[in-house]
Amino acid sequence: MSLQFAEHEYKIVGLYVTRLLCDRAIEFAENDSTKITDPQLLLELRDILETQYQDGITAIPQAQLNANDSFSGIFEDRVDSKLTKRFKFAIAPDDEISYSLVNPSDVEEFADSLRSASHRASLDFVAQKKASNCTKGIACGGSCISAKKTCRKNADAPTKKKIAQVRTKVKAEGSSSKPQKTKARTKVKAESGGLREKIKKLRGQYQEQTDALRKEYDAAKAILATKIVERKTQTRAEQKRFIDAEQALLAKEIEYIRQRDKLVTQELKKSYKDPQPQLHHGMSESEDMWSVEHEGVRYHSTGSLDKNHPLIKAISLDVEENDPLPKSLTRYTSDVYFSSQRNRDDKYWEKTYNIKDFKSAATGGNGSVVYYNGGSSDRGTLIHEMGHNLATGRYGATAPPESSNYIQAAIKDGDHPSSYGRNSRAEDFAETARMYHTSPDLLKEKSPLRYQVMKQILEDENFGG
Ligand SMILES: [Zn+2]
């Protein structure tokens, strides 16, 4: 059974769901929890959950160990291309395993659609893959319960033992990967500033040579332009002088770019790490990624990181601009991942935001950023996602709470800093962070109070926000 909404109603429901998600994020983050990201630990957690969820778990996008020794998070079962069951789960301190569907209406709708002949083929495929699939509801122990119910089972003795082992391992690893709430990391290497200095010096060396070549090019071009105005024929020698000047200038600029990228690559190689499997945010499966560190942020990407790699190009350009991102912003982001995969939550956000064919470029939150579809860093997007991490660092969630200075300022400002900012409070905040850096005058004009609060947040570590 599915509910039908008119478009305007759908928009309201969409926003409400966003609010719920934001609230849930707060609920997770306010506990003093340790995020579980280690792939091995996630596999062990999957085995534990599968003692009850016997249909097979395809992903655990979020998991943490809370201060009271309980686990919580989200797991998923990708049934087929049309349906991924998404569950909120908890393992209580007494080892009771419970989970419920986040998207029960999707599951019911899917079960309805299976009755029509057009989907028979996919049903057969599902049946082949997983004989025990509980299509209409939730797999719970050996049985299948309604999509709206919560499965609750106590772990058996061997599983209790496994749960205890995972708790111990998370605690042992956790101390190093614990998310910082207000305490910012002190990292930023001294060498990074050195790289900017080196590039500046290199640019200076080439500047004199390119300036001379540009003068010659401009002079040759001016002669041709005059001839055109005076309707006179250009001589072969004049044309040759122009082409030669243009090519010499171009060659010198290409030489500089090559030298610059080589210098950046050499510098980044100092922090180079061999491929590690990475699985974050909306990625569906792990990808092996090389990594390098740049100004306190670790960048991870597939493919060998030579000077032709898009990531090296992006960092080179960033260095070239000689306009480093402020530490007050980057300190809340430890890692940036470049994935070739599409965000598997795109369909969900398409519905929630009511934006047709929504394709996310990147996602932020919990101190990291993931780019999708093989995209490489663009400054505006990177700052937007870092804005989500800034919010998480300050408020414990991507959405600033009602009582915050930011939301109070936003209410007084009215409207939104940009149209994308309309989607939720979290996006409103991230867009303000982006515009503060990329188009400060526009932000000041459209949302003066938001601008002031963002300025205080970035300049004063002790400002509540
Ligand atoms: Zn965003």
# chains A, B, ... in the order shown; residues from 1 in each chain; ligands from 1
>>> select_by_dssp(residues="range 181-274 of chain A", states="alpha helix (DSSP H)", output="PyMOL selection string")
chain A and resi 190-229+236-269
>>> residues_around(residues="Lys149 in chain A", least_positions_apart="3", cutoff="9 Å", atoms="only C-alpha atoms", output="list in words")
Tyr99, Ser100, Leu101, Gly137, Ile138, Ile145 and Ser146 of chain A
>>> closest_residue(among="A:Pro310, A:Pro440, A:Gly387, A:Gly414", to="ligand 1", atoms="only C-alpha atoms and all ligand atoms")
A:Gly387
>>> closest_atom_pairs(of="chain A", to="ligand 1", cutoff="8 Å", atoms="only C-alpha atoms and all ligand atoms", output="tab-separated table")
residue	atom	partner	partner_atom_place_in_ligand_line	distance
A:Ala362	CA	ligand 1	1 (Zn)	7.8
A:Thr363	CA	ligand 1	1 (Zn)	6.2
A:Gly364	CA	ligand 1	1 (Zn)	6.7
A:His384	CA	ligand 1	1 (Zn)	6.3
A:Glu385	CA	ligand 1	1 (Zn)	5.9
A:His388	CA	ligand 1	1 (Zn)	6.6
A:Ala426	CA	ligand 1	1 (Zn)	6.9
A:Glu427	CA	ligand 1	1 (Zn)	4.9
A:Ala430	CA	ligand 1	1 (Zn)	6.0
A:Glu431	CA	ligand 1	1 (Zn)	7.6
>>> residues_around(residues="Ser368 in chain A", least_positions_apart="2", cutoff="9 Å", atoms="only C-alpha atoms", output="VMD selection string")
chain A and resid 280 to 281 332 to 337 363 to 366 370 385 to 386 389
>>> write_last_selection(atoms="C-alpha atoms", output="PDB file, in the first residue's frame")
ATOM      1  CA  HIS A 280      32.722   5.867   3.243  1.00  0.00           C
ATOM      2  CA  HIS A 281      29.452   7.805   3.130  1.00  0.00           C
ATOM      3  CA  TYR A 332      37.348  19.799  11.119  1.00  0.00           C
ATOM      4  CA  THR A 333      38.056  17.787   7.958  1.00  0.00           C
ATOM      5  CA  SER A 334      40.642  15.047   8.190  1.00  0.00           C
ATOM      6  CA  ASP A 335      40.069  13.135   4.931  1.00  0.00           C
ATOM      7  CA  VAL A 336      38.790  13.736   1.410  1.00  0.00           C
ATOM      8  CA  TYR A 337      37.998  10.696  -0.790  1.00  0.00           C
ATOM      9  CA  THR A 363      28.947  14.536   0.685  1.00  0.00           C
ATOM     10  CA  GLY A 364      30.350  15.793   3.992  1.00  0.00           C
ATOM     11  CA  GLY A 365      29.859  15.043   7.673  1.00  0.00           C
ATOM     12  CA  ASN A 366      31.740  13.269  10.452  1.00  0.00           C
ATOM     13  CA  VAL A 370      33.540  11.990  -0.394  1.00  0.00           C
ATOM     14  CA  GLU A 385      31.307  19.861   2.333  1.00  0.00           C
ATOM     15  CA  MET A 386      33.887  21.142   4.806  1.00  0.00           C
ATOM     16  CA  ASN A 389      32.109  19.051   8.977  1.00  0.00           C
TER      17      ASN A 389
END
>>> closest_residue(among="A:Tyr256, A:Tyr53, A:Phe89, A:Phe429", to="Ser316 in chain A", atoms="only C-alpha atoms")
A:Tyr256
>>> select_by_dssp(residues="range 143-388 of chain A", states="strand (DSSP E)", output="number ranges by chain")
A: 143-146, 150-154, 273-278, 287-294, 297-301, 335-338, 362-365, 368-371
